[in-house]
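See below for the structure under consideration.
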Amino acid sequence: VSGPDAAKEAAGRAGAACIATGMRVGLGTGSTVRHTILALGQRDLDIECVATSESTRELAESLGLRVVAPDTAGALDVAVDGADEVDPAFNLVKGGGGAHTREKVVARMAERFVVVVDGSKVVERLGDFGVPLEVLDFAPGVVRAWLEALGAESVDPREQRSDSGNLLLDARFGPILDPAGLATTLSAVPGIVEHGLFPGEMVDRVIVGAPDGSVRDLSRDPTRNTPNSM
Ligand code: A5P
């Protein structure tokens, strides 16, 4: 295998190498962390897992991994997950698969948060992907109007709902100059259950896979993409 899937597989398998027996592990959602879960299924580890989606839970259980509810685990040693965009300060856009709310809870529960991506996800500035939003199905038109008033150039509903039964929307704000500021703004909008912006401080490690199967570890550049540097 070579090409995009080889890059995802390389990153995903390297993410699995961060996990040792005895750990409580958060399992992300998507085609890259799928390789992490497959690799864990091949090892004989005594680990307890929390899944960020029903699809991840089903995959993990089919491989014989022990999956428990977040409240049962209480806290996690490490969470591994993919991302849709990663900037030089490790700020993330997530939610391409609509799982970002559960993913954010699980990442916050973890002492270490490891992100696994292929090189196409590494960007200078967040924004091209848009910002996935999980929205309560109560006043979506009102929320949409608020988003447009906050500068959204477009707000597109998805057909699919989240695992929690909420609406999923993609808002586009153009290049995101201040990810932390936009995250704070979106968190204050009533009706938005969660947005897909993850602050760089949450992220401990970013593993980037290449099509030749090699991986590199990015190091965080704290001087980049902070509000004052723009
Ligand atoms: C799921 O909702 C997302 O946050 C995924 O983590 C993200 O979309 C990355 O998925 P892929 O690894 O499939 O690109």
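Labels for the structure tokens follow display order: chains A, B, ..., residues from 1 in each chain, ligands from 1.
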Would you give me, as a PDB file with N, CA and C atoms, in the first residue's frame, the residues in region 58-139 of chain A that DSSP reads as alpha helix (DSSP H)?
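The file below, states.pdb, is the result:
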```pdb
ATOM      1  N   GLU A  58     -18.088   0.098  17.970  1.00  0.00           N
ATOM      2  CA  GLU A  58     -18.341  -1.171  17.264  1.00  0.00           C
ATOM      3  C   GLU A  58     -17.046  -1.785  16.745  1.00  0.00           C
ATOM      4  N   LEU A  59     -16.189  -0.957  16.158  1.00  0.00           N
ATOM      5  CA  LEU A  59     -14.910  -1.474  15.628  1.00  0.00           C
ATOM      6  C   LEU A  59     -14.059  -2.035  16.764  1.00  0.00           C
ATOM      7  N   ALA A  60     -13.928  -1.262  17.846  1.00  0.00           N
ATOM      8  CA  ALA A  60     -13.066  -1.694  18.956  1.00  0.00           C
ATOM      9  C   ALA A  60     -13.583  -2.998  19.557  1.00  0.00           C
ATOM     10  N   GLU A  61     -14.892  -3.061  19.764  1.00  0.00           N
ATOM     11  CA  GLU A  61     -15.446  -4.279  20.373  1.00  0.00           C
ATOM     12  C   GLU A  61     -15.295  -5.478  19.436  1.00  0.00           C
ATOM     13  N   SER A  62     -15.405  -5.231  18.134  1.00  0.00           N
ATOM     14  CA  SER A  62     -15.274  -6.352  17.175  1.00  0.00           C
ATOM     15  C   SER A  62     -13.854  -6.923  17.203  1.00  0.00           C
ATOM     16  N   PRO A  70     -17.647   6.681  29.429  1.00  0.00           N
ATOM     17  CA  PRO A  70     -16.739   7.695  29.980  1.00  0.00           C
ATOM     18  C   PRO A  70     -16.820   7.787  31.502  1.00  0.00           C
ATOM     19  N   ASP A  71     -18.021   7.748  32.055  1.00  0.00           N
ATOM     20  CA  ASP A  71     -18.165   7.867  33.514  1.00  0.00           C
ATOM     21  C   ASP A  71     -17.544   6.681  34.245  1.00  0.00           C
ATOM     22  N   THR A  72     -17.530   5.538  33.605  1.00  0.00           N
ATOM     23  CA  THR A  72     -16.918   4.357  34.223  1.00  0.00           C
ATOM     24  C   THR A  72     -15.401   4.516  34.268  1.00  0.00           C
ATOM     25  N   ALA A  73     -14.827   5.019  33.178  1.00  0.00           N
ATOM     26  CA  ALA A  73     -13.362   5.216  33.143  1.00  0.00           C
ATOM     27  C   ALA A  73     -12.950   6.364  34.071  1.00  0.00           C
ATOM     28  N   HIS A 100     -17.169  15.480  16.830  1.00  0.00           N
ATOM     29  CA  HIS A 100     -16.258  16.362  17.590  1.00  0.00           C
ATOM     30  C   HIS A 100     -16.697  16.614  19.028  1.00  0.00           C
ATOM     31  N   THR A 101     -18.002  16.555  19.323  1.00  0.00           N
ATOM     32  CA  THR A 101     -18.419  16.819  20.711  1.00  0.00           C
ATOM     33  C   THR A 101     -17.890  15.723  21.636  1.00  0.00           C
ATOM     34  N   ARG A 102     -18.171  14.474  21.262  1.00  0.00           N
ATOM     35  CA  ARG A 102     -17.670  13.362  22.089  1.00  0.00           C
ATOM     36  C   ARG A 102     -16.139  13.338  22.058  1.00  0.00           C
ATOM     37  N   GLU A 103     -15.563  13.679  20.911  1.00  0.00           N
ATOM     38  CA  GLU A 103     -14.091  13.698  20.812  1.00  0.00           C
ATOM     39  C   GLU A 103     -13.484  14.724  21.766  1.00  0.00           C
ATOM     40  N   LYS A 104     -14.147  15.872  21.906  1.00  0.00           N
ATOM     41  CA  LYS A 104     -13.593  16.918  22.787  1.00  0.00           C
ATOM     42  C   LYS A 104     -13.702  16.495  24.247  1.00  0.00           C
ATOM     43  N   VAL A 105     -14.814  15.870  24.604  1.00  0.00           N
ATOM     44  CA  VAL A 105     -14.970  15.376  25.981  1.00  0.00           C
ATOM     45  C   VAL A 105     -13.860  14.362  26.291  1.00  0.00           C
ATOM     46  N   VAL A 106     -13.676  13.432  25.365  1.00  0.00           N
ATOM     47  CA  VAL A 106     -12.697  12.355  25.604  1.00  0.00           C
ATOM     48  C   VAL A 106     -11.267  12.915  25.634  1.00  0.00           C
ATOM     49  N   ALA A 107     -10.965  13.848  24.734  1.00  0.00           N
ATOM     50  CA  ALA A 107      -9.612  14.443  24.733  1.00  0.00           C
ATOM     51  C   ALA A 107      -9.351  15.179  26.050  1.00  0.00           C
ATOM     52  N   ARG A 108     -10.379  15.862  26.554  1.00  0.00           N
ATOM     53  CA  ARG A 108     -10.237  16.593  27.829  1.00  0.00           C
ATOM     54  C   ARG A 108     -10.070  15.640  29.011  1.00  0.00           C
ATOM     55  N   MET A 109     -10.602  14.449  28.880  1.00  0.00           N
ATOM     56  CA  MET A 109     -10.485  13.464  29.977  1.00  0.00           C
ATOM     57  C   MET A 109      -9.073  12.885  30.059  1.00  0.00           C
TER      58      MET A 109
END
```
Report as a PyMOL selection string which protein, DNA and RNA residues come within 7 Å of ligand 1, using only C-alpha atoms and all ligand atoms. chain A and resi 28-33+81-84+94-100+103+117
Residues of region 30-72 of chain A in strand (DSSP E or B) according to DSSP, as JSON, numbers by chain? {"A": [48, 49, 50, 51, 66, 67]}
For the residues in that selection, give me N, CA and C atoms as an mmCIF file, in the first residue's frame.
```
data_model
loop_
_atom_site.group_PDB
_atom_site.id
_atom_site.type_symbol
_atom_site.label_atom_id
_atom_site.label_comp_id
_atom_site.auth_asym_id
_atom_site.auth_seq_id
_atom_site.Cartn_x
_atom_site.Cartn_y
_atom_site.Cartn_z
ATOM 1 N N GLU A 48 -8.276 -0.429 28.967
ATOM 2 C CA GLU A 48 -9.704 -0.096 29.042
ATOM 3 C C GLU A 48 -9.909 1.102 28.119
ATOM 4 N N CYS A 49 -10.897 1.018 27.225
ATOM 5 C CA CYS A 49 -11.075 2.060 26.208
ATOM 6 C C CYS A 49 -12.388 2.817 26.387
ATOM 7 N N VAL A 50 -12.375 4.080 26.000
ATOM 8 C CA VAL A 50 -13.588 4.891 25.869
ATOM 9 C C VAL A 50 -13.675 5.293 24.404
ATOM 10 N N ALA A 51 -14.823 5.117 23.777
ATOM 11 C CA ALA A 51 -14.988 5.394 22.343
ATOM 12 C C ALA A 51 -15.657 6.752 22.128
ATOM 13 N N ARG A 66 -11.806 -3.846 25.230
ATOM 14 C CA ARG A 66 -12.810 -3.590 26.265
ATOM 15 C C ARG A 66 -13.178 -2.111 26.239
ATOM 16 N N VAL A 67 -14.453 -1.834 25.954
ATOM 17 C CA VAL A 67 -14.916 -0.442 25.857
ATOM 18 C C VAL A 67 -15.876 -0.171 27.006
#
```
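Here the question is which of A:Asp204, A:Asp137, A:Glu54, A:Asp217 gets nearest to Val80 (chain A) using only C-alpha atoms, and that residue is A:Asp204.
Each of A:Leu133, A:Ala110, A:Asp178, A:Asp77 was checked against Arg161 (chain A) using only C-alpha atoms; the smallest atom-to-atom distance is that of A:Leu133.
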Which one of A:Val116, A:Val193, A:Ala6, A:Leu92 sits closest to Ile37 (chain A) if you count only C-alpha atoms?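 When distances to Ile37 (chain A) are compared using only C-alpha atoms, the smallest one comes from A:Val116.
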